[in-house]
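Below: the structure, in structure tokens.
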Amino acid sequence: MKKRKIKKNKEKGITLVALVITIIILIILATVTINFAFGDNGLIRQAELARDLTANSTKYEEESTANLVAYMNEVMGGDSGISDGIPEIPMSEAKGQEEGFSEKTIVVDNQNNKITVPEGFKIADDSGDTVQQGIVIEDVSASTDTAVQGSQYVWIPVGSFTNDAGETKEVILGRYTFSTSSPGTPTLVQAAFNEPETENGGDGIPDNIPDYTDQSDSVVISSYYKELVDYREGIASSGTDGENATAKDLAGFLNSAKNNGGYYIGRYEASFASGSSVADYKAASKVSNGYSEESMSYSAGTLWNYITELDASKVAINTYAGSNSVTSDLMNSYAWDTAIVYIQQAGNTNYANQTRAHTSLSNTGNLAEGVKDEVCKINDMASNVRERTTEYSSNTNSSFANPCVSRGGIYNGSNIYTAYRVNGKSTLALSYIGFRLSLYL
């Protein structure tokens with residue numbers, strides 16, 4: 001009986017030892033497993049590191065792609081237009097289309113320059129193929145007035161463009177004076193924008209050149225001439241209290257030209273389009289079909305001379321007042337001076353001092369070959385009628401005020417040239433004074 005009892009106790013002891021060993025092994029395995037999963041070099045930490053590495057790699061790839069696109073844009077001459085969703089088409093595809101574009105479109109010329117064409121316009125059939133030659137757009141449906149439709153405007157690039165020889169030419173939007181000797185070298189007096197210098201070189205405008213944003217009204221050219229910031233319709237001269245009409249939205253024009261890479265000016269001096277009074281008169285930019293040195297004939301197609309600066313401003317603003325794609329105005333001094341800079345950078349040296357030897361009024365764009373005035377597809381800035389602008393003159397005398405500034409050459413003045421500034425009365429209307437439209441998006 002005793003022997004059997006001892007054997008039973010021995011078997012029970014062996015079972016407890018095995019249980020303890022098993023528990024110890026399980027604890028060790030659990031510790032190893034937890035450490036493997038949650039330790040400094042565990043699976044979870046490794047997964048987190050892999051996640052972060054993937055995220056950093058993706059970010060690096062995105063940044064590298066963005067830098068590559070930026071570099072390619074710089075090499076190719078500007079913004080690709082991809083980021084803002086504006087469609088781009090080559091000049092070969094754009095030229096010859098009869099319909100106006102259904103939305104704002106960037107046309108890329110044969111030198112990879114980019115021209116922003118507003119909705120309702122097309123590239124004219126006889127437009128140049130490059131910016132140097134002159135890019136002409138034509139109104140197809142931007143205006144609902146059929147007398148205005150068909151008007152043509154020429155692109156003035158702002159920033160830089162590549163000429164037909166592959167050279168980069170710079171066009172800074174601003175107000176200038178021009179040397180009166182050949183080659184008519186421009187001097188920038190007031191820049192539209194003067195951004196601070198950066199580690200990448202800034203905008204290339206000298207620090208001592210004032211800009212529109214802080215000194216517009218105080219910058220004077222040739223003792224008298226300013227471009228005022230605020231819009232006013234003007235006051236007819238009476239004694240010395242006359243005022244000129246100023247730009248409708250000068251800041252809007254300048255910002256549009258900067259953001260869109262340029263603006264447009266009339267290919268031709270303005271002709272009458274439609275309307276029964278100054279309140280609804282509209283102008284066209286077409287070859288005129290008639291003119292008079294006696295008085296203004298208000299019939300469609302007639303060259304528009306005999307107009308005061310105050311009325312020219314109203315007509316210019318009204319011409320595209322109902323358009324959703326463009327704004328029209330009288331030429332301001334930024335628009336006029338920068339156009340001359342572009343024309344000369346396009347190879348027409350000394351155009352600032354150009355005059356045309358003709359002694360009688362003519363249809364705009366229709367001078368005889370020997371005295372024809374067409375540069376970069378722009379007609380008669382140096383000839384035919386002197387043109388009203390929104391620039392202001394402080395020059396007065398005891399009998400009347402002279403607040404208005406006209407620009408350009410005229411048919412009966414051999415010493416009056418493209419860059420010429422002359423002041424006059426706001427109510428003055430003569431055979432040799434007309435105007436030209438400017439357009440911006």
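Identifiers in the structure tokens: chain A, B, ... in order shown; residue index from 1 per chain; ligand index from 1 in order shown.
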Taking the DSSP assignment computed from this structure's backbone, write out as a PyMOL selection string all residues of stretch 243-313 of chain A that belong to alpha helix (DSSP H). chain A and resi 250-260+309-313
Could you list, with a cut-off of 6 Å and counting only C-alpha atoms, the residues of stretch 98-215 of chain A near stretch 328-340 of chain A, each shown with its nearest atom pair and the distance in Å rounded to one decimal, rows sorted by chain and ascending number, as JSON lines?
```
{"residue": "A:Leu173", "atom": "CA", "partner": "A:Thr338", "partner_atom": "CA", "distance": 5.7}
{"residue": "A:Gly174", "atom": "CA", "partner": "A:Tyr334", "partner_atom": "CA", "distance": 5.0}
{"residue": "A:Arg175", "atom": "CA", "partner": "A:Tyr334", "partner_atom": "CA", "distance": 5.0}
{"residue": "A:Tyr176", "atom": "CA", "partner": "A:Asp337", "partner_atom": "CA", "distance": 5.8}
```
List the neighbours of A:Tyr268 out to 9 Å using only C-alpha atoms; skip same-chain residues closer than 3 positions along the sequence, and give me the result as an MDAnalysis selection string. chainID A and resid 151:153 265 271 284:288 364:365 378:381 436:437
Take the residues from that selection and put them in a file with N, CA and C atoms, as a PDB file, in the first residue's frame.
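What landed in again.pdb:
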```
ATOM      1  N   SER A 151     -12.890  95.048 -86.426  1.00  0.00           N
ATOM      2  CA  SER A 151     -11.794  95.911 -85.965  1.00  0.00           C
ATOM      3  C   SER A 151     -10.572  95.063 -85.638  1.00  0.00           C
ATOM      4  N   GLN A 152      -9.398  95.618 -85.882  1.00  0.00           N
ATOM      5  CA  GLN A 152      -8.160  94.871 -85.688  1.00  0.00           C
ATOM      6  C   GLN A 152      -7.227  95.583 -84.705  1.00  0.00           C
ATOM      7  N   TYR A 153      -6.522  94.762 -83.931  1.00  0.00           N
ATOM      8  CA  TYR A 153      -5.639  95.267 -82.887  1.00  0.00           C
ATOM      9  C   TYR A 153      -4.333  94.483 -82.904  1.00  0.00           C
ATOM     10  N   ILE A 265      -3.176  97.475 -78.991  1.00  0.00           N
ATOM     11  CA  ILE A 265      -3.527  98.822 -79.444  1.00  0.00           C
ATOM     12  C   ILE A 265      -4.145  98.716 -80.830  1.00  0.00           C
ATOM     13  N   SER A 271     -11.838 105.123 -86.497  1.00  0.00           N
ATOM     14  CA  SER A 271     -12.841 105.629 -87.437  1.00  0.00           C
ATOM     15  C   SER A 271     -14.216 105.503 -86.785  1.00  0.00           C
ATOM     16  N   ALA A 284     -14.179 102.239 -84.451  1.00  0.00           N
ATOM     17  CA  ALA A 284     -13.642 101.029 -85.064  1.00  0.00           C
ATOM     18  C   ALA A 284     -12.156 101.215 -85.323  1.00  0.00           C
ATOM     19  N   SER A 285     -11.452 100.096 -85.417  1.00  0.00           N
ATOM     20  CA  SER A 285     -10.040 100.108 -85.794  1.00  0.00           C
ATOM     21  C   SER A 285      -9.913  99.384 -87.124  1.00  0.00           C
ATOM     22  N   LYS A 286     -10.257 100.128 -88.186  1.00  0.00           N
ATOM     23  CA  LYS A 286     -10.251  99.596 -89.546  1.00  0.00           C
ATOM     24  C   LYS A 286      -9.687 100.651 -90.483  1.00  0.00           C
ATOM     25  N   VAL A 287      -9.288 100.234 -91.678  1.00  0.00           N
ATOM     26  CA  VAL A 287      -8.896 101.208 -92.700  1.00  0.00           C
ATOM     27  C   VAL A 287     -10.107 102.091 -92.974  1.00  0.00           C
ATOM     28  N   SER A 288      -9.936 103.411 -92.824  1.00  0.00           N
ATOM     29  CA  SER A 288     -11.074 104.311 -93.021  1.00  0.00           C
ATOM     30  C   SER A 288     -11.418 104.426 -94.500  1.00  0.00           C
ATOM     31  N   THR A 364      -6.549 106.334 -92.835  1.00  0.00           N
ATOM     32  CA  THR A 364      -5.542 105.671 -92.019  1.00  0.00           C
ATOM     33  C   THR A 364      -5.183 104.315 -92.619  1.00  0.00           C
ATOM     34  N   GLY A 365      -3.882 104.016 -92.642  1.00  0.00           N
ATOM     35  CA  GLY A 365      -3.418 102.769 -93.239  1.00  0.00           C
ATOM     36  C   GLY A 365      -3.396 102.777 -94.742  1.00  0.00           C
ATOM     37  N   ILE A 378       1.300  97.907 -87.275  1.00  0.00           N
ATOM     38  CA  ILE A 378       0.654  99.091 -86.696  1.00  0.00           C
ATOM     39  C   ILE A 378       0.792 100.244 -87.678  1.00  0.00           C
ATOM     40  N   ASN A 379      -0.299 100.944 -87.932  1.00  0.00           N
ATOM     41  CA  ASN A 379      -0.293 102.011 -88.925  1.00  0.00           C
ATOM     42  C   ASN A 379      -0.401 103.400 -88.314  1.00  0.00           C
ATOM     43  N   ASP A 380       0.421 104.318 -88.835  1.00  0.00           N
ATOM     44  CA  ASP A 380       0.249 105.767 -88.681  1.00  0.00           C
ATOM     45  C   ASP A 380       0.463 106.329 -87.280  1.00  0.00           C
ATOM     46  N   MET A 381       1.288 105.687 -86.459  1.00  0.00           N
ATOM     47  CA  MET A 381       1.641 106.335 -85.192  1.00  0.00           C
ATOM     48  C   MET A 381       2.540 107.540 -85.443  1.00  0.00           C
ATOM     49  N   ARG A 436      -6.759 106.729 -80.918  1.00  0.00           N
ATOM     50  CA  ARG A 436      -6.566 105.300 -81.181  1.00  0.00           C
ATOM     51  C   ARG A 436      -7.024 104.529 -79.936  1.00  0.00           C
ATOM     52  N   LEU A 437      -7.636 103.399 -80.145  1.00  0.00           N
ATOM     53  CA  LEU A 437      -8.108 102.580 -79.028  1.00  0.00           C
ATOM     54  C   LEU A 437      -6.990 101.716 -78.453  1.00  0.00           C
TER      55      LEU A 437
END
```
Within 12 Å of A:Ile410, counting only C-alpha atoms, which residues qualify if same-chain residues fewer than 2 places away don't, as a PyMOL selection string? chain A and resi 269+305+354-362+364+373+380-387+406-408+412-420+422+430-435
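Between atom CA of A:Thr130 and atom CA of A:Asn113 there is a distance of 7.6 Å.
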Pick the closest to A:Lys226 from A:Glu138, A:Glu293, A:Glu309, A:Glu391: which is it, counting only C-alpha atoms?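 Residue with the minimum atom-to-atom distance to A:Lys226: A:Glu391.
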